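The structure appears right after this line, and notes come after that.
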Amino acid sequence: MIIDFNRTVAYICPGCGEVTYGEFSLFELSGGRGISVSCDCGKSALKIFCKGQNAYTISVGCQVCEKEHEYAVPVSELLHSHFMDFLCPELLMGLAFIGDKDKVEHAVEENNKYIKEILTTCGLEHSGKNGIAILKALDKIQLLSDEGGVRCECGANLIDLDVLENGIVLECCECGATAFFTADDIRQENFSDITEILIRKDSNK
Ligand SMILES: [Zn+2]
Ligand SMILES: [Zn+2]
Ligand SMILES: [Zn+2]
């Protein structure tokens, strides 16, 4: 029997929404060492590190909760399992997968379908990597709007909203002024802290 010590990692980068892949050998974890897989965008990393004698911790950022989730995995499971998935406890969508390459790739595909289903259930037809960010933005804008926090400089607060593949456009129904939020804007940590959106009449985008 040939034992395969190589594992594939995939995780959804909370910084850009892309699925990031990496490879490591279980030997890299020997002697209490850890590994880290970073996204090309430089905004996130998945880490596997030793915690205590018999357990490792997987740490990965979550674009839904905007924080890191940590999962404890017994050493024996990490060594012997050929597929593990790590879910966000809020939405039950997969954040990270570790195991044999084909199993991980399959799980990523299935997870994308699941995310699309969540979006559809929430009334959003969106299949791209920005779906979750846009869903969060819609939620936030609805909340602000309910509190009268979405207004145009012209004084109107009747605002039209358009979902694009890469962001959201708000348009004043009175004067036609627009504001564009890219998915990257939305993924910035401070987006959820916005207390009001003011559409400027001289905005050109
Ligand atoms: Zn990234
Ligand atoms: Zn989460
Ligand atoms: Zn206006």
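Each chain in the structure tokens gets a letter, A, B, ..., in the order shown, and its residues are numbered from 1; ligands are numbered from 1 in order too.
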Give the residues close to ligand 3, within 10 Å, counting only C-alpha atoms and all ligand atoms; write them as a PDB file with all heavy atoms, in the first residue's frame.
```
ATOM      1  N   ARG A 151     -29.967  58.385   1.298  1.00  0.00           N
ATOM      2  CA  ARG A 151     -30.553  59.602   0.747  1.00  0.00           C
ATOM      3  C   ARG A 151     -29.723  60.114  -0.411  1.00  0.00           C
ATOM      4  O   ARG A 151     -28.560  59.745  -0.570  1.00  0.00           O
ATOM      5  CB  ARG A 151     -30.598  60.705   1.818  1.00  0.00           C
ATOM      6  CG  ARG A 151     -31.518  60.415   2.989  1.00  0.00           C
ATOM      7  CD  ARG A 151     -31.478  61.568   3.973  1.00  0.00           C
ATOM      8  NE  ARG A 151     -30.160  61.714   4.582  1.00  0.00           N
ATOM      9  CZ  ARG A 151     -29.398  62.798   4.484  1.00  0.00           C
ATOM     10  NH1 ARG A 151     -29.802  63.835   3.790  1.00  0.00           N
ATOM     11  NH2 ARG A 151     -28.225  62.848   5.092  1.00  0.00           N
ATOM     12  N   CYS A 152     -30.341  61.006  -1.180  1.00  0.00           N
ATOM     13  CA  CYS A 152     -29.608  61.684  -2.249  1.00  0.00           C
ATOM     14  C   CYS A 152     -29.410  63.133  -1.832  1.00  0.00           C
ATOM     15  O   CYS A 152     -30.215  63.684  -1.073  1.00  0.00           O
ATOM     16  CB  CYS A 152     -30.381  61.616  -3.555  1.00  0.00           C
ATOM     17  SG  CYS A 152     -29.593  62.542  -4.889  1.00  0.00           S
ATOM     18  N   GLU A 153     -28.362  63.712  -2.347  1.00  0.00           N
ATOM     19  CA  GLU A 153     -28.043  65.103  -2.046  1.00  0.00           C
ATOM     20  C   GLU A 153     -29.169  66.059  -2.449  1.00  0.00           C
ATOM     21  O   GLU A 153     -29.345  67.112  -1.857  1.00  0.00           O
ATOM     22  CB  GLU A 153     -26.760  65.502  -2.792  1.00  0.00           C
ATOM     23  CG  GLU A 153     -25.792  66.272  -1.945  1.00  0.00           C
ATOM     24  CD  GLU A 153     -24.488  66.543  -2.706  1.00  0.00           C
ATOM     25  OE1 GLU A 153     -24.476  66.485  -3.943  1.00  0.00           O
ATOM     26  OE2 GLU A 153     -23.489  66.795  -2.031  1.00  0.00           O
ATOM     27  N   CYS A 154     -29.965  65.643  -3.457  1.00  0.00           N
ATOM     28  CA  CYS A 154     -31.059  66.497  -3.937  1.00  0.00           C
ATOM     29  C   CYS A 154     -32.217  66.526  -2.948  1.00  0.00           C
ATOM     30  O   CYS A 154     -33.177  67.264  -3.128  1.00  0.00           O
ATOM     31  CB  CYS A 154     -31.546  66.027  -5.308  1.00  0.00           C
ATOM     32  SG  CYS A 154     -32.596  64.559  -5.258  1.00  0.00           S
ATOM     33  N   GLY A 155     -32.147  65.689  -1.922  1.00  0.00           N
ATOM     34  CA  GLY A 155     -33.189  65.681  -0.908  1.00  0.00           C
ATOM     35  C   GLY A 155     -34.114  64.484  -0.988  1.00  0.00           C
ATOM     36  O   GLY A 155     -34.855  64.194  -0.048  1.00  0.00           O
ATOM     37  N   ALA A 156     -34.063  63.778  -2.106  1.00  0.00           N
ATOM     38  CA  ALA A 156     -34.947  62.623  -2.274  1.00  0.00           C
ATOM     39  C   ALA A 156     -34.420  61.422  -1.494  1.00  0.00           C
ATOM     40  O   ALA A 156     -33.222  61.299  -1.266  1.00  0.00           O
ATOM     41  CB  ALA A 156     -35.052  62.268  -3.751  1.00  0.00           C
ATOM     42  N   ASN A 157     -35.344  60.572  -1.077  1.00  0.00           N
ATOM     43  CA  ASN A 157     -34.874  59.321  -0.479  1.00  0.00           C
ATOM     44  C   ASN A 157     -35.522  58.112  -1.144  1.00  0.00           C
ATOM     45  O   ASN A 157     -35.590  57.030  -0.578  1.00  0.00           O
ATOM     46  CB  ASN A 157     -35.065  59.309   1.044  1.00  0.00           C
ATOM     47  CG  ASN A 157     -36.521  59.490   1.424  1.00  0.00           C
ATOM     48  OD1 ASN A 157     -37.374  59.591   0.539  1.00  0.00           O
ATOM     49  ND2 ASN A 157     -36.813  59.533   2.706  1.00  0.00           N
ATOM     50  N   LEU A 158     -35.978  58.328  -2.376  1.00  0.00           N
ATOM     51  CA  LEU A 158     -36.486  57.225  -3.179  1.00  0.00           C
ATOM     52  C   LEU A 158     -35.330  56.749  -4.050  1.00  0.00           C
ATOM     53  O   LEU A 158     -34.950  57.407  -5.021  1.00  0.00           O
ATOM     54  CB  LEU A 158     -37.655  57.719  -4.039  1.00  0.00           C
ATOM     55  CG  LEU A 158     -38.674  56.652  -4.434  1.00  0.00           C
ATOM     56  CD1 LEU A 158     -39.288  56.011  -3.204  1.00  0.00           C
ATOM     57  CD2 LEU A 158     -39.740  57.241  -5.332  1.00  0.00           C
ATOM     58  N   ILE A 159     -34.753  55.633  -3.658  1.00  0.00           N
ATOM     59  CA  ILE A 159     -33.521  55.193  -4.303  1.00  0.00           C
ATOM     60  C   ILE A 159     -33.737  53.835  -4.964  1.00  0.00           C
ATOM     61  O   ILE A 159     -34.293  52.919  -4.367  1.00  0.00           O
ATOM     62  CB  ILE A 159     -32.380  55.063  -3.249  1.00  0.00           C
ATOM     63  CG1 ILE A 159     -32.247  56.331  -2.402  1.00  0.00           C
ATOM     64  CG2 ILE A 159     -31.067  54.695  -3.924  1.00  0.00           C
ATOM     65  CD1 ILE A 159     -31.841  57.567  -3.146  1.00  0.00           C
ATOM     66  N   GLU A 171     -29.324  54.395  -7.386  1.00  0.00           N
ATOM     67  CA  GLU A 171     -29.661  55.524  -8.254  1.00  0.00           C
ATOM     68  C   GLU A 171     -30.845  56.284  -7.664  1.00  0.00           C
ATOM     69  O   GLU A 171     -31.862  55.700  -7.283  1.00  0.00           O
ATOM     70  CB  GLU A 171     -30.001  55.020  -9.657  1.00  0.00           C
ATOM     71  CG  GLU A 171     -30.316  56.180 -10.603  1.00  0.00           C
ATOM     72  CD  GLU A 171     -30.547  55.729 -12.050  1.00  0.00           C
ATOM     73  OE1 GLU A 171     -30.466  54.528 -12.323  1.00  0.00           O
ATOM     74  OE2 GLU A 171     -30.830  56.617 -12.875  1.00  0.00           O
ATOM     75  N   CYS A 172     -30.700  57.599  -7.612  1.00  0.00           N
ATOM     76  CA  CYS A 172     -31.775  58.452  -7.109  1.00  0.00           C
ATOM     77  C   CYS A 172     -32.890  58.498  -8.142  1.00  0.00           C
ATOM     78  O   CYS A 172     -32.664  58.789  -9.312  1.00  0.00           O
ATOM     79  CB  CYS A 172     -31.234  59.863  -6.866  1.00  0.00           C
ATOM     80  SG  CYS A 172     -32.549  61.029  -6.478  1.00  0.00           S
ATOM     81  N   CYS A 173     -34.103  58.187  -7.726  1.00  0.00           N
ATOM     82  CA  CYS A 173     -35.233  58.165  -8.652  1.00  0.00           C
ATOM     83  C   CYS A 173     -35.637  59.572  -9.078  1.00  0.00           C
ATOM     84  O   CYS A 173     -36.333  59.762 -10.069  1.00  0.00           O
ATOM     85  CB  CYS A 173     -36.427  57.461  -8.018  1.00  0.00           C
ATOM     86  SG  CYS A 173     -36.099  55.747  -7.625  1.00  0.00           S
ATOM     87  N   GLU A 174     -35.228  60.583  -8.325  1.00  0.00           N
ATOM     88  CA  GLU A 174     -35.584  61.967  -8.644  1.00  0.00           C
ATOM     89  C   GLU A 174     -34.641  62.595  -9.661  1.00  0.00           C
ATOM     90  O   GLU A 174     -35.063  63.079 -10.695  1.00  0.00           O
ATOM     91  CB  GLU A 174     -35.566  62.826  -7.365  1.00  0.00           C
ATOM     92  CG  GLU A 174     -36.704  62.543  -6.410  1.00  0.00           C
ATOM     93  CD  GLU A 174     -38.056  63.023  -6.949  1.00  0.00           C
ATOM     94  OE1 GLU A 174     -38.059  64.022  -7.708  1.00  0.00           O
ATOM     95  OE2 GLU A 174     -39.072  62.398  -6.635  1.00  0.00           O
ATOM     96  N   CYS A 175     -33.346  62.584  -9.335  1.00  0.00           N
ATOM     97  CA  CYS A 175     -32.399  63.336 -10.174  1.00  0.00           C
ATOM     98  C   CYS A 175     -31.451  62.451 -10.968  1.00  0.00           C
ATOM     99  O   CYS A 175     -30.690  62.939 -11.797  1.00  0.00           O
ATOM    100  CB  CYS A 175     -31.599  64.317  -9.324  1.00  0.00           C
ATOM    101  SG  CYS A 175     -30.359  63.508  -8.295  1.00  0.00           S
ATOM    102  N   GLY A 176     -31.467  61.157 -10.715  1.00  0.00           N
ATOM    103  CA  GLY A 176     -30.639  60.249 -11.509  1.00  0.00           C
ATOM    104  C   GLY A 176     -29.192  60.128 -11.056  1.00  0.00           C
ATOM    105  O   GLY A 176     -28.390  59.448 -11.705  1.00  0.00           O
ATOM    106  N   ALA A 177     -28.831  60.794  -9.970  1.00  0.00           N
ATOM    107  CA  ALA A 177     -27.470  60.650  -9.449  1.00  0.00           C
ATOM    108  C   ALA A 177     -27.262  59.209  -8.995  1.00  0.00           C
ATOM    109  O   ALA A 177     -28.199  58.544  -8.558  1.00  0.00           O
ATOM    110  CB  ALA A 177     -27.248  61.606  -8.280  1.00  0.00           C
ATOM    111  N   THR A 178     -26.021  58.731  -9.139  1.00  0.00           N
ATOM    112  CA  THR A 178     -25.762  57.332  -8.789  1.00  0.00           C
ATOM    113  C   THR A 178     -24.576  57.192  -7.841  1.00  0.00           C
ATOM    114  O   THR A 178     -23.714  58.072  -7.771  1.00  0.00           O
ATOM    115  CB  THR A 178     -25.450  56.483 -10.047  1.00  0.00           C
ATOM    116  OG1 THR A 178     -24.337  57.064 -10.727  1.00  0.00           O
ATOM    117  CG2 THR A 178     -26.649  56.396 -10.960  1.00  0.00           C
ATOM    118  N   LEU A 198     -25.015  58.702   1.397  1.00  0.00           N
ATOM    119  CA  LEU A 198     -25.485  59.919   0.753  1.00  0.00           C
ATOM    120  C   LEU A 198     -25.023  59.894  -0.704  1.00  0.00           C
ATOM    121  O   LEU A 198     -23.827  59.851  -0.978  1.00  0.00           O
ATOM    122  CB  LEU A 198     -24.908  61.148   1.473  1.00  0.00           C
ATOM    123  CG  LEU A 198     -25.362  62.504   0.925  1.00  0.00           C
ATOM    124  CD1 LEU A 198     -26.854  62.702   1.137  1.00  0.00           C
ATOM    125  CD2 LEU A 198     -24.574  63.636   1.553  1.00  0.00           C
ATOM    126  N   ILE A 199     -25.985  59.879  -1.629  1.00  0.00           N
ATOM    127  CA  ILE A 199     -25.633  59.884  -3.057  1.00  0.00           C
ATOM    128  C   ILE A 199     -25.372  61.318  -3.485  1.00  0.00           C
ATOM    129  O   ILE A 199     -26.197  62.207  -3.246  1.00  0.00           O
ATOM    130  CB  ILE A 199     -26.765  59.269  -3.893  1.00  0.00           C
ATOM    131  CG1 ILE A 199     -27.022  57.838  -3.440  1.00  0.00           C
ATOM    132  CG2 ILE A 199     -26.412  59.294  -5.373  1.00  0.00           C
ATOM    133  CD1 ILE A 199     -28.237  57.198  -4.076  1.00  0.00           C
ATOM    134  N   ARG A 200     -24.222  61.523  -4.079  1.00  0.00           N
ATOM    135  CA  ARG A 200     -23.859  62.884  -4.473  1.00  0.00           C
ATOM    136  C   ARG A 200     -24.277  63.166  -5.905  1.00  0.00           C
ATOM    137  O   ARG A 200     -24.122  62.330  -6.781  1.00  0.00           O
ATOM    138  CB  ARG A 200     -22.354  63.096  -4.304  1.00  0.00           C
ATOM    139  CG  ARG A 200     -21.941  62.889  -2.864  1.00  0.00           C
ATOM    140  CD  ARG A 200     -20.622  63.568  -2.535  1.00  0.00           C
ATOM    141  NE  ARG A 200     -20.265  63.287  -1.147  1.00  0.00           N
ATOM    142  CZ  ARG A 200     -20.731  63.975  -0.118  1.00  0.00           C
ATOM    143  NH1 ARG A 200     -21.546  64.986  -0.308  1.00  0.00           N
ATOM    144  NH2 ARG A 200     -20.386  63.639   1.113  1.00  0.00           N
ATOM    145  N   LYS A 201     -24.791  64.368  -6.118  1.00  0.00           N
ATOM    146  CA  LYS A 201     -25.325  64.725  -7.445  1.00  0.00           C
ATOM    147  C   LYS A 201     -24.231  64.813  -8.483  1.00  0.00           C
ATOM    148  O   LYS A 201     -24.459  64.554  -9.663  1.00  0.00           O
ATOM    149  CB  LYS A 201     -26.087  66.061  -7.361  1.00  0.00           C
ATOM    150  CG  LYS A 201     -27.467  65.897  -6.758  1.00  0.00           C
ATOM    151  CD  LYS A 201     -28.090  67.224  -6.424  1.00  0.00           C
ATOM    152  CE  LYS A 201     -28.703  67.868  -7.669  1.00  0.00           C
ATOM    153  NZ  LYS A 201     -29.406  69.125  -7.301  1.00  0.00           N
TER     154      LYS A 201
END
```
Using 12 Å as the limit and counting only C-alpha atoms and all ligand atoms, can you tabulate each residue of chain A that touches ligand 2, with its shortest atom-to-atom distance in Å and the two atoms involved, as a Markdown table?
```
| residue | atom | partner | partner_atom_place_in_ligand_line | distance |
| --- | --- | --- | --- | --- |
| A:Ile12 | CA | ligand 2 | 1 (Zn) | 11.3 |
| A:Pro14 | CA | ligand 2 | 1 (Zn) | 10.0 |
| A:Ser59 | CA | ligand 2 | 1 (Zn) | 11.6 |
| A:Val60 | CA | ligand 2 | 1 (Zn) | 9.4 |
| A:Gly61 | CA | ligand 2 | 1 (Zn) | 7.7 |
| A:Cys62 | CA | ligand 2 | 1 (Zn) | 4.7 |
| A:Gln63 | CA | ligand 2 | 1 (Zn) | 6.6 |
| A:Val64 | CA | ligand 2 | 1 (Zn) | 5.0 |
| A:Cys65 | CA | ligand 2 | 1 (Zn) | 4.2 |
| A:Glu66 | CA | ligand 2 | 1 (Zn) | 6.9 |
| A:Lys67 | CA | ligand 2 | 1 (Zn) | 7.0 |
| A:Glu68 | CA | ligand 2 | 1 (Zn) | 7.6 |
| A:His69 | CA | ligand 2 | 1 (Zn) | 6.6 |
| A:Glu70 | CA | ligand 2 | 1 (Zn) | 10.1 |
| A:Tyr71 | CA | ligand 2 | 1 (Zn) | 11.8 |
| A:Phe86 | CA | ligand 2 | 1 (Zn) | 10.1 |
| A:Leu87 | CA | ligand 2 | 1 (Zn) | 7.6 |
| A:Cys88 | CA | ligand 2 | 1 (Zn) | 4.0 |
| A:Pro89 | CA | ligand 2 | 1 (Zn) | 5.8 |
| A:Glu90 | CA | ligand 2 | 1 (Zn) | 5.5 |
| A:Leu91 | CA | ligand 2 | 1 (Zn) | 7.0 |
| A:Leu92 | CA | ligand 2 | 1 (Zn) | 8.2 |
| A:Met93 | CA | ligand 2 | 1 (Zn) | 8.5 |
| A:Gly94 | CA | ligand 2 | 1 (Zn) | 9.3 |
| A:Leu95 | CA | ligand 2 | 1 (Zn) | 8.0 |
| A:Ala96 | CA | ligand 2 | 1 (Zn) | 11.2 |
| A:Ile132 | CA | ligand 2 | 1 (Zn) | 11.4 |
```
For chain A against ligand 1, with a cut-off of 7 Å and counting only C-alpha atoms and all ligand atoms, what is the closest atom pair and its distance in Å to one decimal for every residue that makes the cut, ordered by chain and number, as a tab-separated table?
```
residue	atom	partner	partner_atom_place_in_ligand_line	distance
A:Cys13	CA	ligand 1	1 (Zn)	4.5
A:Pro14	CA	ligand 1	1 (Zn)	6.5
A:Gly15	CA	ligand 1	1 (Zn)	4.7
A:Cys16	CA	ligand 1	1 (Zn)	4.1
A:Gly17	CA	ligand 1	1 (Zn)	6.2
A:Glu18	CA	ligand 1	1 (Zn)	5.8
A:Cys39	CA	ligand 1	1 (Zn)	4.6
A:Asp40	CA	ligand 1	1 (Zn)	5.8
A:Cys41	CA	ligand 1	1 (Zn)	4.3
A:Gly42	CA	ligand 1	1 (Zn)	6.2
A:Lys43	CA	ligand 1	1 (Zn)	5.6
A:Ser44	CA	ligand 1	1 (Zn)	6.1
```
Which residues come within 12 Å of A:Gly52, counting only C-alpha atoms, excluding same-chain residues fewer than 3 positions away, as a list of chain:residue names?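 Within the cut-off, the hits are A:Gly31, A:Gly32, A:Arg33, A:Phe49, A:Ala55, A:Tyr56, A:Thr57, A:Ala72, A:Val73, A:Pro74, A:Val75.
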Do a neighbour search on A:Ile35 at 8 Å with only C-alpha atoms, toss out local chain neighbours closer than 6 positions, and write the hits as an mmCIF file with all heavy atoms, in the first residue's frame.
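File produced: out_17.cif:
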```cif
data_model
loop_
_atom_site.group_PDB
_atom_site.id
_atom_site.type_symbol
_atom_site.label_atom_id
_atom_site.label_comp_id
_atom_site.auth_asym_id
_atom_site.auth_seq_id
_atom_site.Cartn_x
_atom_site.Cartn_y
_atom_site.Cartn_z
ATOM 1 N N PHE A 24 0.186 20.840 0.625
ATOM 2 C CA PHE A 24 1.219 20.638 1.644
ATOM 3 C C PHE A 24 1.385 19.143 1.903
ATOM 4 O O PHE A 24 0.544 18.329 1.508
ATOM 5 C CB PHE A 24 0.877 21.389 2.929
ATOM 6 C CG PHE A 24 -0.312 20.847 3.684
ATOM 7 C CD1 PHE A 24 -0.127 19.972 4.752
ATOM 8 C CD2 PHE A 24 -1.602 21.212 3.338
ATOM 9 C CE1 PHE A 24 -1.225 19.470 5.464
ATOM 10 C CE2 PHE A 24 -2.696 20.707 4.038
ATOM 11 C CZ PHE A 24 -2.508 19.844 5.092
ATOM 12 N N GLU A 28 5.228 18.420 6.770
ATOM 13 C CA GLU A 28 5.425 19.835 7.129
ATOM 14 C C GLU A 28 4.792 20.178 8.468
ATOM 15 O O GLU A 28 5.047 21.230 9.036
ATOM 16 C CB GLU A 28 4.839 20.745 6.036
ATOM 17 C CG GLU A 28 5.583 20.669 4.711
ATOM 18 C CD GLU A 28 4.883 21.491 3.636
ATOM 19 O OE1 GLU A 28 4.695 22.699 3.851
ATOM 20 O OE2 GLU A 28 4.512 20.914 2.590
ATOM 21 N N LEU A 29 3.931 19.300 8.941
ATOM 22 C CA LEU A 29 3.270 19.549 10.227
ATOM 23 C C LEU A 29 3.960 18.815 11.385
ATOM 24 O O LEU A 29 3.562 18.949 12.531
ATOM 25 C CB LEU A 29 1.806 19.100 10.160
ATOM 26 C CG LEU A 29 0.904 19.864 9.201
ATOM 27 C CD1 LEU A 29 -0.470 19.209 9.141
ATOM 28 C CD2 LEU A 29 0.767 21.316 9.628
ATOM 29 N N LYS A 47 -4.420 29.036 8.081
ATOM 30 C CA LYS A 47 -3.297 28.538 8.877
ATOM 31 C C LYS A 47 -3.664 27.223 9.551
ATOM 32 O O LYS A 47 -4.780 27.040 10.026
ATOM 33 C CB LYS A 47 -2.903 29.550 9.948
ATOM 34 C CG LYS A 47 -2.370 30.855 9.381
ATOM 35 C CD LYS A 47 -1.768 31.718 10.499
ATOM 36 C CE LYS A 47 -1.263 33.030 9.946
ATOM 37 N NZ LYS A 47 -2.317 34.005 9.668
ATOM 38 N N ILE A 48 -2.686 26.331 9.558
ATOM 39 C CA ILE A 48 -2.826 25.097 10.342
ATOM 40 C C ILE A 48 -1.677 25.115 11.338
ATOM 41 O O ILE A 48 -0.514 25.218 10.942
ATOM 42 C CB ILE A 48 -2.725 23.838 9.463
ATOM 43 C CG1 ILE A 48 -3.746 23.892 8.325
ATOM 44 C CG2 ILE A 48 -2.933 22.588 10.315
ATOM 45 C CD1 ILE A 48 -3.677 22.705 7.375
ATOM 46 N N PHE A 49 -2.001 25.089 12.607
ATOM 47 C CA PHE A 49 -0.926 25.119 13.600
ATOM 48 C C PHE A 49 -1.233 24.183 14.762
ATOM 49 O O PHE A 49 -2.380 23.784 14.989
ATOM 50 C CB PHE A 49 -0.669 26.546 14.102
ATOM 51 C CG PHE A 49 -1.890 27.249 14.632
ATOM 52 C CD1 PHE A 49 -2.220 27.180 15.970
ATOM 53 C CD2 PHE A 49 -2.719 27.976 13.775
ATOM 54 C CE1 PHE A 49 -3.343 27.829 16.458
ATOM 55 C CE2 PHE A 49 -3.854 28.623 14.257
ATOM 56 C CZ PHE A 49 -4.165 28.555 15.598
#
```
What's around A:Val37 at 7 Å? Count only C-alpha atoms, leave out sequence neighbours fewer than 6 positions away in its own chain, and write the answer as a list in words.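 The contact residues come out as Gly22, Ala45, Leu46 and Lys47 of chain A.
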Writer output for current selection, all heavy atoms, as a short mmCIF file (atom, residue, chain, number, x, y, z; two decimals), in the first residue's frame:
```
data_model
loop_
_atom_site.label_atom_id
_atom_site.label_comp_id
_atom_site.auth_asym_id
_atom_site.auth_seq_id
_atom_site.Cartn_x
_atom_site.Cartn_y
_atom_site.Cartn_z
N GLY A 22 -3.95 25.42 -2.27
CA GLY A 22 -2.57 25.21 -1.85
C GLY A 22 -2.33 23.72 -1.64
O GLY A 22 -3.27 22.93 -1.64
N ALA A 45 -5.06 34.44 4.79
CA ALA A 45 -4.30 33.19 4.83
C ALA A 45 -5.04 32.17 5.66
O ALA A 45 -5.69 32.52 6.64
CB ALA A 45 -2.91 33.44 5.41
N LEU A 46 -4.96 30.93 5.21
CA LEU A 46 -5.46 29.83 6.05
C LEU A 46 -4.25 29.27 6.79
O LEU A 46 -3.19 29.07 6.19
CB LEU A 46 -6.09 28.75 5.17
CG LEU A 46 -6.53 27.46 5.88
CD1 LEU A 46 -7.81 26.92 5.26
CD2 LEU A 46 -5.44 26.38 5.85
N LYS A 47 -4.42 29.04 8.08
CA LYS A 47 -3.30 28.54 8.88
C LYS A 47 -3.66 27.22 9.55
O LYS A 47 -4.78 27.04 10.03
CB LYS A 47 -2.90 29.55 9.95
CG LYS A 47 -2.37 30.86 9.38
CD LYS A 47 -1.77 31.72 10.50
CE LYS A 47 -1.26 33.03 9.95
NZ LYS A 47 -2.32 34.00 9.67
#
```
Distance of atom CA of A:Val19 from atom CA of A:Asn190, expressed in Å to one decimal place: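 About the pair atom CA of A:Asn190 and atom CA of A:Val19: they are 22.8 Å apart.
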For A:Asp184, please output as a VMD selection string all residues within 10 Å (counting only C-alpha atoms; exclusion window: fewer than 4 positions along the same chain). chain A and resid 15 to 17 130 133 to 134 166 to 167 188 191
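Shortest separation to A:Ala179 among A:Ile197, A:Ser38, A:Val163, A:Ser192 occurs at residue A:Ile197, atoms counted being only C-alpha atoms.
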Among stretch 1-195 of chain A, which ones does DSSP assign to strand (DSSP E) (computed from the backbone)? Answer as a VMD selection string. chain A and resid 6 to 12 19 to 25 35 to 38 45 to 50 55 to 62 67 to 74 83 to 87 94 to 99 150 to 152 159 to 164 167 to 172 178 to 182
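Using only C-alpha atoms for every distance, the candidate list A:Glu165, A:Asp193, A:Glu109, A:Asp202 yields A:Asp193 as the residue closest to A:Lys140.
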To one decimal place, how far is atom CA of A:Leu144 from atom CA of A:Asp160 in Å?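 Between atom CA of A:Leu144 and atom CA of A:Asp160 the gap is 13.8 Å.
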Interatomic distance, atom CA of A:Phe181 to atom CA of A:Gln142 (Å, one decimal):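 Separating atom CA of A:Phe181 from atom CA of A:Gln142 is a distance of 14.6 Å.
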Could you pull out the helix (DSSP H, G or I) residues of stretch 82-140 of chain A from DSSP and send them as a PyMOL selection string? chain A and resi 101-121+131-140
Name the residues in contact with A:Val9 at a cut-off of 7 Å, using only C-alpha atoms, excluding same-chain residues fewer than 5 positions from it; report them as a PyMOL selection string. chain A and resi 21-23+97-99
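The smallest atom-to-atom distance between A:Leu143 and any of A:Thr195, A:Ser30, A:Asn112, A:Asn54, using only C-alpha atoms, is found for A:Thr195.
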